[in-house]
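Written out below as structure tokens is the structure these notes cover.
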Amino acid sequence: MARSMHVRRPATLASLAAELGVSRTTVSNAYNRPDQLSPELRRRVLETARRLGYPGPDPVARSLRTRKAGAVGLLLTENLSYAFRDPAALGFLEGLALACEGAGQGLHLVPVNPEREDVAAVHRAGVDGFVVYSVPDDDPHLAAVLSRPVPTVVADQPTVDGVDRVGIDDRGAIMGLAQQLITLGHRKVGVICMRLARDRNDGFAPVERQKSAHFHVQRTRLAGLSEAFSKVGVDWNRVPVVERFDHSTASGASAAAQLLDADRDVTALICTSDILALGALTEAKRRGLRVPQDLTITGFDGIAEGERLGLTTVRQPVLEKGKAAGKLLLASPDPTRPREITLPTELIMGTTSAAPRNTEERWFGP
């Protein structure tokens with residue numbers, strides 16, 4: 001004869017309330033609104049819950065009931081590892097996380113492959129709002145975010161009518177750097193930039209591509225450089241600009257090699273990020289070039305490794321940018337007009353920039 005099996009059913013909010021002789025609201029408050037209970041009553045509720053095996057209120061049911069997920073979504077159109085590999089992105093992520101912690105909110109990363117469209121990831125995300133971090137203006141994932149009835153804040157790019165934004169004055173910052181190079185005497189310059197559009201281009205970027213770039217931060221920085229050098233007689237159409245789709249030091253090194261092979265008269269490489277500049281420094285060393293005696297190299301961002309190497313760059317407050325984006329999203333929205341926060345930058349003249357070599361001083365690399 002088979003022995004009967006007695007399986008203990010898991011405790012529920014109702015059974016726990018009955019065991020304690022209190023209302024279900026009292027049990028719920030022990031988890032969600034502890035300030036509504038005396039310390040002794042809350043302790044008794046939690047101890048009984050542990051004894052009976054009650055796991056706590058169902059977060060899915062709670063979110064359906066309150067229509068709140070308790071989390072902020074960060075849209076990052078890069079692979080997930082990028083958020084933890086790129087120093088500027090990591091600083092931004094830390095700042096956003098601090099803002100979420102301060103408001104008692106969670107943080108949900110919504111990374112999407114830059115070469116594959118997956119708007120379903122945006123629609124599936126259970127979040128109360130989105131921070132969109134540096135995407136092109138034609139990105140389908142951005143369109144998916146804006147189609148959802150939740151608040152949105154854009155960090156860096158793009159500028160969207162009616163949407164709050166946090167960023168810096170990219171044009172003013174890069175023009176300040178350009179003016180310092182002009183004052184040093186540089187006229188034969190080359191540029192290494194991050195991707196300009198969603199299509200992969202690892203090569204030279206003509207002026208037409210620069211002007212039509214869908215990443216407006218890169219478009220703005222290139223336009224600022226063009227304006228500054230054109231004022232001193234440099235024909236921007238003749239300035240070599242090399243674009244890299246992947247943002248890595250290896251990309252910076254290969255771009256520097258491509259540019260220097262094409263134009264050995266260049267006296268300065270202006271990179272639109274510190275990561276690319278670090279790669280350019282590696283390539284210069286490989287070629288036996290002295291920086292800055294033979295070649296000036298500059299970056300943009302102000303990351304720790306660049307500072308350690310004395311990189312001339314523009315420092316931007318990435319951690320504060322993340323905090324500002326989070327606080328703006330979590331603050332009460334202003335339906336009458338979008339809000340914009342522009343954070344300050346600082347020009348750092350490090351040891352990787354100097355006056356150009358004399359025209360008689362030719363250098364020869366491998």
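Letters A, B, ... mark the chains of the structure tokens in the order given; residue numbers begin at 1 per chain; ligand numbers begin at 1, in order shown.
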
Item checked: 8 Å contact set for region 244-252 of chain A, only C-alpha atoms, chain neighbours under 3 positions out, as a ChimeraX atom specification -> /A:192-196,200-203,255-256,275-280

Next item on the list: Check region 2-120 of chain A with DSSP on the backbone and list each residue it calls alpha helix (DSSP H), as JSON, numbers by chain.
Entry: {"A": [13, 14, 15, 16, 17, 18, 19, 20, 24, 25, 26, 27, 28, 29, 30, 31, 32, 39, 40, 41, 42, 43, 44, 45, 46, 47, 48, 49, 50, 51, 52, 59, 60, 61, 62, 63, 64, 65, 66, 82, 83, 84, 85, 87, 88, 89, 90, 91, 92, 93, 94, 95, 96, 97, 98, 99, 100, 101, 102, 120]}

Could you pull the residues within 8 Å of region 162-170 of chain A, counting only C-alpha atoms, minus those fewer than 2 positions along the same chain, as an mmCIF file with all heavy atoms, in the first residue's frame?
```cif
data_model
loop_
_atom_site.group_PDB
_atom_site.id
_atom_site.type_symbol
_atom_site.label_atom_id
_atom_site.label_comp_id
_atom_site.auth_asym_id
_atom_site.auth_seq_id
_atom_site.Cartn_x
_atom_site.Cartn_y
_atom_site.Cartn_z
ATOM 1 N N THR A 152 11.970 59.827 -20.252
ATOM 2 C CA THR A 152 13.248 59.504 -20.887
ATOM 3 C C THR A 152 14.206 60.683 -20.745
ATOM 4 O O THR A 152 13.798 61.834 -20.878
ATOM 5 C CB THR A 152 13.052 59.182 -22.380
ATOM 6 O OG1 THR A 152 12.188 58.049 -22.513
ATOM 7 C CG2 THR A 152 14.372 58.874 -23.056
ATOM 8 N N VAL A 153 15.468 60.371 -20.494
ATOM 9 C CA VAL A 153 16.537 61.372 -20.482
ATOM 10 C C VAL A 153 17.635 60.871 -21.413
ATOM 11 O O VAL A 153 18.043 59.706 -21.332
ATOM 12 C CB VAL A 153 17.111 61.588 -19.068
ATOM 13 C CG1 VAL A 153 18.358 62.481 -19.113
ATOM 14 C CG2 VAL A 153 16.063 62.212 -18.157
ATOM 15 N N VAL A 154 18.109 61.734 -22.289
ATOM 16 C CA VAL A 154 19.216 61.400 -23.184
ATOM 17 C C VAL A 154 20.510 61.931 -22.583
ATOM 18 O O VAL A 154 20.572 63.086 -22.149
ATOM 19 C CB VAL A 154 18.999 62.002 -24.586
ATOM 20 C CG1 VAL A 154 20.256 61.848 -25.432
ATOM 21 C CG2 VAL A 154 17.818 61.327 -25.276
ATOM 22 N N ALA A 155 21.528 61.090 -22.542
ATOM 23 C CA ALA A 155 22.859 61.514 -22.119
ATOM 24 C C ALA A 155 23.747 61.637 -23.353
ATOM 25 O O ALA A 155 23.911 60.667 -24.100
ATOM 26 C CB ALA A 155 23.457 60.517 -21.131
ATOM 27 N N ASP A 156 24.271 62.804 -23.607
ATOM 28 C CA ASP A 156 25.173 63.122 -24.713
ATOM 29 C C ASP A 156 24.457 63.283 -26.049
ATOM 30 O O ASP A 156 24.401 64.366 -26.612
ATOM 31 C CB ASP A 156 26.303 62.094 -24.856
ATOM 32 C CG ASP A 156 27.340 62.229 -23.759
ATOM 33 O OD1 ASP A 156 27.451 63.344 -23.206
ATOM 34 O OD2 ASP A 156 28.027 61.253 -23.448
ATOM 35 N N GLN A 157 23.939 62.197 -26.589
ATOM 36 C CA GLN A 157 23.370 62.293 -27.925
ATOM 37 C C GLN A 157 22.291 61.242 -28.128
ATOM 38 O O GLN A 157 22.335 60.196 -27.486
ATOM 39 C CB GLN A 157 24.468 62.112 -28.987
ATOM 40 C CG GLN A 157 25.235 60.819 -28.895
ATOM 41 C CD GLN A 157 26.451 60.763 -29.821
ATOM 42 O OE1 GLN A 157 26.538 61.447 -30.829
ATOM 43 N NE2 GLN A 157 27.408 59.928 -29.479
ATOM 44 N N THR A 159 20.126 64.985 -29.653
ATOM 45 C CA THR A 159 19.179 65.972 -29.158
ATOM 46 C C THR A 159 17.820 65.663 -29.782
ATOM 47 O O THR A 159 17.690 65.592 -30.996
ATOM 48 C CB THR A 159 19.614 67.396 -29.545
ATOM 49 O OG1 THR A 159 20.890 67.670 -28.931
ATOM 50 C CG2 THR A 159 18.604 68.422 -29.074
ATOM 51 N N VAL A 160 16.823 65.433 -28.924
ATOM 52 C CA VAL A 160 15.484 65.064 -29.390
ATOM 53 C C VAL A 160 14.493 66.103 -28.880
ATOM 54 O O VAL A 160 14.474 66.414 -27.683
ATOM 55 C CB VAL A 160 15.083 63.660 -28.883
ATOM 56 C CG1 VAL A 160 13.701 63.277 -29.397
ATOM 57 C CG2 VAL A 160 16.122 62.621 -29.293
ATOM 58 N N GLY A 172 32.402 73.773 -28.117
ATOM 59 C CA GLY A 172 33.265 74.707 -27.408
ATOM 60 C C GLY A 172 34.494 74.035 -26.837
ATOM 61 O O GLY A 172 35.600 74.593 -26.878
ATOM 62 N N ALA A 173 34.323 72.810 -26.313
ATOM 63 C CA ALA A 173 35.439 72.089 -25.707
ATOM 64 C C ALA A 173 36.499 71.740 -26.740
ATOM 65 O O ALA A 173 37.703 71.952 -26.518
ATOM 66 C CB ALA A 173 34.930 70.830 -25.018
ATOM 67 N N ILE A 174 36.081 71.207 -27.896
ATOM 68 C CA ILE A 174 37.057 70.799 -28.906
ATOM 69 C C ILE A 174 37.701 72.014 -29.565
ATOM 70 O O ILE A 174 38.879 71.969 -29.949
ATOM 71 C CB ILE A 174 36.394 69.878 -29.970
ATOM 72 C CG1 ILE A 174 37.464 69.043 -30.695
ATOM 73 C CG2 ILE A 174 35.580 70.680 -30.952
ATOM 74 C CD1 ILE A 174 38.001 67.903 -29.907
ATOM 75 N N VAL A 217 27.540 63.942 -31.450
ATOM 76 C CA VAL A 217 28.724 64.351 -30.686
ATOM 77 C C VAL A 217 29.951 64.346 -31.592
ATOM 78 O O VAL A 217 30.733 65.310 -31.619
ATOM 79 C CB VAL A 217 28.940 63.437 -29.468
ATOM 80 C CG1 VAL A 217 30.339 63.616 -28.888
ATOM 81 C CG2 VAL A 217 27.904 63.744 -28.390
ATOM 82 N N THR A 220 29.607 67.133 -34.166
ATOM 83 C CA THR A 220 29.852 68.446 -33.571
ATOM 84 C C THR A 220 31.338 68.676 -33.320
ATOM 85 O O THR A 220 31.855 69.773 -33.556
ATOM 86 C CB THR A 220 29.058 68.573 -32.255
ATOM 87 O OG1 THR A 220 27.666 68.432 -32.532
ATOM 88 C CG2 THR A 220 29.303 69.926 -31.597
ATOM 89 N N ARG A 221 32.032 67.642 -32.834
ATOM 90 C CA ARG A 221 33.470 67.806 -32.569
ATOM 91 C C ARG A 221 34.241 68.030 -33.868
ATOM 92 O O ARG A 221 35.136 68.874 -33.931
ATOM 93 C CB ARG A 221 34.001 66.587 -31.816
ATOM 94 C CG ARG A 221 33.475 66.500 -30.388
ATOM 95 C CD ARG A 221 33.991 65.276 -29.637
ATOM 96 N NE ARG A 221 33.305 65.121 -28.353
ATOM 97 C CZ ARG A 221 33.466 64.118 -27.506
ATOM 98 N NH1 ARG A 221 34.327 63.148 -27.812
ATOM 99 N NH2 ARG A 221 32.796 64.059 -26.372
ATOM 100 N N GLN A 316 36.007 65.605 -19.165
ATOM 101 C CA GLN A 316 34.589 65.837 -18.920
ATOM 102 C C GLN A 316 34.150 65.047 -17.692
ATOM 103 O O GLN A 316 34.692 63.969 -17.403
ATOM 104 C CB GLN A 316 33.750 65.456 -20.133
ATOM 105 C CG GLN A 316 33.847 64.012 -20.575
ATOM 106 C CD GLN A 316 32.761 63.657 -21.571
ATOM 107 O OE1 GLN A 316 31.609 64.053 -21.409
ATOM 108 N NE2 GLN A 316 33.122 62.939 -22.629
ATOM 109 N N LYS A 321 27.918 63.338 -14.833
ATOM 110 C CA LYS A 321 26.938 63.259 -15.923
ATOM 111 C C LYS A 321 25.940 62.140 -15.655
ATOM 112 O O LYS A 321 24.734 62.297 -15.857
ATOM 113 C CB LYS A 321 27.645 63.023 -17.251
ATOM 114 C CG LYS A 321 26.735 63.118 -18.473
ATOM 115 C CD LYS A 321 27.466 62.693 -19.727
ATOM 116 C CE LYS A 321 28.571 63.651 -20.094
ATOM 117 N NZ LYS A 321 29.281 63.235 -21.336
ATOM 118 N N ALA A 324 23.638 63.266 -12.843
ATOM 119 C CA ALA A 324 22.682 64.282 -13.310
ATOM 120 C C ALA A 324 21.574 63.647 -14.143
ATOM 121 O O ALA A 324 20.404 64.013 -14.016
ATOM 122 C CB ALA A 324 23.412 65.351 -14.119
ATOM 123 N N ALA A 325 21.933 62.677 -14.991
ATOM 124 C CA ALA A 325 20.930 62.014 -15.819
ATOM 125 C C ALA A 325 19.929 61.261 -14.951
ATOM 126 O O ALA A 325 18.712 61.318 -15.192
ATOM 127 C CB ALA A 325 21.608 61.069 -16.809
ATOM 128 N N LEU A 328 17.705 63.729 -12.985
ATOM 129 C CA LEU A 328 16.756 64.384 -13.883
ATOM 130 C C LEU A 328 15.610 63.438 -14.222
ATOM 131 O O LEU A 328 14.445 63.844 -14.261
ATOM 132 C CB LEU A 328 17.480 64.829 -15.159
ATOM 133 C CG LEU A 328 16.738 65.788 -16.098
ATOM 134 C CD1 LEU A 328 16.348 67.069 -15.385
ATOM 135 C CD2 LEU A 328 17.626 66.114 -17.300
ATOM 136 N N ARG A 337 8.155 72.079 -20.942
ATOM 137 C CA ARG A 337 9.361 72.247 -21.757
ATOM 138 C C ARG A 337 10.412 71.225 -21.328
ATOM 139 O O ARG A 337 10.483 70.834 -20.163
ATOM 140 C CB ARG A 337 9.936 73.653 -21.611
ATOM 141 C CG ARG A 337 10.315 74.023 -20.191
ATOM 142 C CD ARG A 337 10.757 75.485 -20.075
ATOM 143 N NE ARG A 337 11.044 75.852 -18.709
ATOM 144 C CZ ARG A 337 12.224 75.656 -18.099
ATOM 145 N NH1 ARG A 337 13.197 75.094 -18.767
ATOM 146 N NH2 ARG A 337 12.407 76.024 -16.849
ATOM 147 N N PRO A 338 11.233 70.763 -22.276
ATOM 148 C CA PRO A 338 12.312 69.838 -21.916
ATOM 149 C C PRO A 338 13.402 70.547 -21.128
ATOM 150 O O PRO A 338 13.643 71.741 -21.312
ATOM 151 C CB PRO A 338 12.834 69.363 -23.274
ATOM 152 C CG PRO A 338 12.499 70.476 -24.210
ATOM 153 C CD PRO A 338 11.207 71.048 -23.710
ATOM 154 N N ARG A 339 14.039 69.810 -20.249
ATOM 155 C CA ARG A 339 15.128 70.357 -19.450
ATOM 156 C C ARG A 339 16.460 69.908 -20.029
ATOM 157 O O ARG A 339 16.579 68.787 -20.513
ATOM 158 C CB ARG A 339 14.984 69.905 -17.999
ATOM 159 C CG ARG A 339 13.722 70.402 -17.318
ATOM 160 C CD ARG A 339 13.393 69.619 -16.063
ATOM 161 N NE ARG A 339 13.059 68.230 -16.365
ATOM 162 C CZ ARG A 339 12.700 67.329 -15.444
ATOM 163 N NH1 ARG A 339 12.635 67.688 -14.174
ATOM 164 N NH2 ARG A 339 12.416 66.092 -15.793
ATOM 165 N N GLU A 340 17.457 70.776 -19.956
ATOM 166 C CA GLU A 340 18.784 70.437 -20.457
ATOM 167 C C GLU A 340 19.830 70.880 -19.457
ATOM 168 O O GLU A 340 19.802 72.012 -18.959
ATOM 169 C CB GLU A 340 19.053 71.083 -21.813
ATOM 170 C CG GLU A 340 20.415 70.714 -22.376
ATOM 171 C CD GLU A 340 20.495 70.868 -23.884
ATOM 172 O OE1 GLU A 340 19.484 71.219 -24.503
ATOM 173 O OE2 GLU A 340 21.578 70.619 -24.433
ATOM 174 N N ILE A 341 20.756 69.977 -19.151
ATOM 175 C CA ILE A 341 21.865 70.273 -18.244
ATOM 176 C C ILE A 341 23.153 70.185 -19.048
ATOM 177 O O ILE A 341 23.441 69.140 -19.655
ATOM 178 C CB ILE A 341 21.903 69.287 -17.060
ATOM 179 C CG1 ILE A 341 20.628 69.407 -16.220
ATOM 180 C CG2 ILE A 341 23.139 69.518 -16.204
ATOM 181 C CD1 ILE A 341 20.530 68.374 -15.108
ATOM 182 N N THR A 342 23.924 71.263 -19.059
ATOM 183 C CA THR A 342 25.219 71.277 -19.747
ATOM 184 C C THR A 342 26.308 71.368 -18.691
ATOM 185 O O THR A 342 26.403 72.361 -17.960
ATOM 186 C CB THR A 342 25.322 72.469 -20.717
ATOM 187 O OG1 THR A 342 24.257 72.380 -21.672
ATOM 188 C CG2 THR A 342 26.657 72.446 -21.448
ATOM 189 N N LEU A 343 27.114 70.341 -18.597
ATOM 190 C CA LEU A 343 28.159 70.268 -17.576
ATOM 191 C C LEU A 343 29.462 70.878 -18.090
ATOM 192 O O LEU A 343 29.740 70.854 -19.296
ATOM 193 C CB LEU A 343 28.392 68.818 -17.174
ATOM 194 C CG LEU A 343 27.178 68.109 -16.558
ATOM 195 C CD1 LEU A 343 27.443 66.618 -16.407
ATOM 196 C CD2 LEU A 343 26.828 68.715 -15.207
ATOM 197 N N PRO A 344 30.302 71.402 -17.200
ATOM 198 C CA PRO A 344 31.555 72.036 -17.621
ATOM 199 C C PRO A 344 32.630 71.017 -17.981
ATOM 200 O O PRO A 344 32.604 69.873 -17.518
ATOM 201 C CB PRO A 344 31.966 72.844 -16.385
ATOM 202 C CG PRO A 344 31.405 72.065 -15.232
ATOM 203 C CD PRO A 344 30.093 71.505 -15.733
ATOM 204 N N THR A 345 33.570 71.427 -18.805
ATOM 205 C CA THR A 345 34.727 70.601 -19.161
ATOM 206 C C THR A 345 35.998 71.364 -18.801
ATOM 207 O O THR A 345 35.962 72.557 -18.498
ATOM 208 C CB THR A 345 34.742 70.267 -20.662
ATOM 209 O OG1 THR A 345 34.760 71.495 -21.410
ATOM 210 C CG2 THR A 345 33.524 69.455 -21.044
#
```

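Closest approach to Val207 (chain A) among A:Pro240, A:Pro158, A:Gly288, A:Gly302 is made by A:Pro240 (distances from only C-alpha atoms).
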
If we count only C-alpha atoms and set the cut-off at 12 Å, which residues sit around Ser212 (chain A), ignoring sequence neighbours fewer than 2 positions away in its own chain? Please answer as a compact mmCIF listing (two decimals) with N, CA, C and O atoms, in the first residue's frame.
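Resulting contents of selection-v4.txt:
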```txt
# COMPACT_ATOMS: atom_id res chain seq x y z
N PRO A 136 22.98 57.06 -31.95
CA PRO A 136 22.76 57.89 -33.14
C PRO A 136 21.31 58.33 -33.25
O PRO A 136 20.41 57.69 -32.68
N ASP A 137 21.08 59.41 -34.00
CA ASP A 137 19.72 59.93 -34.08
C ASP A 137 18.76 59.04 -34.86
O ASP A 137 17.55 59.19 -34.77
N ASP A 138 19.30 58.10 -35.65
CA ASP A 138 18.44 57.20 -36.42
C ASP A 138 18.37 55.81 -35.81
O ASP A 138 17.99 54.85 -36.47
N LEU A 196 30.77 57.27 -36.98
CA LEU A 196 29.92 58.38 -37.36
C LEU A 196 28.49 57.95 -37.68
O LEU A 196 27.59 58.78 -37.75
N ALA A 197 28.30 56.67 -37.92
CA ALA A 197 26.98 56.17 -38.29
C ALA A 197 26.87 54.70 -37.92
O ALA A 197 27.84 54.09 -37.45
N ALA A 205 37.11 59.20 -43.62
CA ALA A 205 35.76 59.76 -43.64
C ALA A 205 35.79 61.09 -44.37
O ALA A 205 36.32 62.07 -43.84
N PRO A 206 35.25 61.17 -45.59
CA PRO A 206 35.24 62.44 -46.31
C PRO A 206 34.35 63.46 -45.62
O PRO A 206 33.54 63.11 -44.75
N VAL A 207 34.48 64.70 -46.03
CA VAL A 207 33.73 65.79 -45.39
C VAL A 207 32.23 65.54 -45.45
O VAL A 207 31.50 65.83 -44.50
N GLU A 208 31.75 64.98 -46.56
CA GLU A 208 30.31 64.72 -46.68
C GLU A 208 29.83 63.78 -45.59
O GLU A 208 28.75 63.97 -45.00
N ARG A 209 30.62 62.75 -45.29
CA ARG A 209 30.24 61.81 -44.23
C ARG A 209 30.31 62.48 -42.86
O ARG A 209 29.47 62.23 -42.00
N GLN A 210 31.31 63.31 -42.67
CA GLN A 210 31.42 64.03 -41.40
C GLN A 210 30.20 64.90 -41.14
O GLN A 210 29.64 64.92 -40.05
N HIS A 214 25.36 60.61 -38.05
CA HIS A 214 24.18 60.43 -37.20
C HIS A 214 24.54 60.46 -35.71
O HIS A 214 23.65 60.56 -34.87
N PHE A 215 25.83 60.33 -35.40
CA PHE A 215 26.29 60.52 -34.01
C PHE A 215 26.64 62.00 -33.87
O PHE A 215 27.70 62.44 -34.32
N HIS A 216 25.76 62.76 -33.24
CA HIS A 216 25.94 64.21 -33.31
C HIS A 216 27.11 64.70 -32.47
O HIS A 216 27.66 65.77 -32.74
N VAL A 217 27.54 63.94 -31.45
CA VAL A 217 28.72 64.35 -30.69
C VAL A 217 29.95 64.35 -31.59
O VAL A 217 30.73 65.31 -31.62
N GLN A 218 30.12 63.27 -32.36
CA GLN A 218 31.26 63.22 -33.28
C GLN A 218 31.12 64.28 -34.38
O GLN A 218 32.09 64.94 -34.75
N ARG A 219 29.91 64.45 -34.90
CA ARG A 219 29.67 65.46 -35.93
C ARG A 219 30.01 66.85 -35.41
O ARG A 219 30.65 67.66 -36.09
N THR A 220 29.61 67.13 -34.17
CA THR A 220 29.85 68.45 -33.57
C THR A 220 31.34 68.68 -33.32
O THR A 220 31.86 69.77 -33.56
N LEU A 222 33.89 67.29 -34.91
CA LEU A 222 34.57 67.49 -36.19
C LEU A 222 34.26 68.87 -36.76
O LEU A 222 35.14 69.53 -37.33
N ALA A 223 33.02 69.31 -36.61
CA ALA A 223 32.66 70.64 -37.09
C ALA A 223 33.41 71.72 -36.34
O ALA A 223 33.83 72.74 -36.92
```

Item checked: Selection: 7 Å around Ala11 (chain A), only C-alpha atoms, excl. self and same-chain fewer than 3 positions, as a PyMOL selection string -> chain A and resi 15-16+52-54

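Comparing A:Pro140, A:Arg264, A:Gly190, A:Asn32 by their smallest distance to Asn237 (chain A), the closest is A:Gly190 (using only C-alpha atoms).
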
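Residues surrounding Gly322 (chain A) within 8 Å are Gly91, Phe92, Leu93, Glu94, Gly95, Leu96, Ala97, Ala99 and Ala155 of chain A [only C-alpha atoms; sequence separation below 6 positions excluded].
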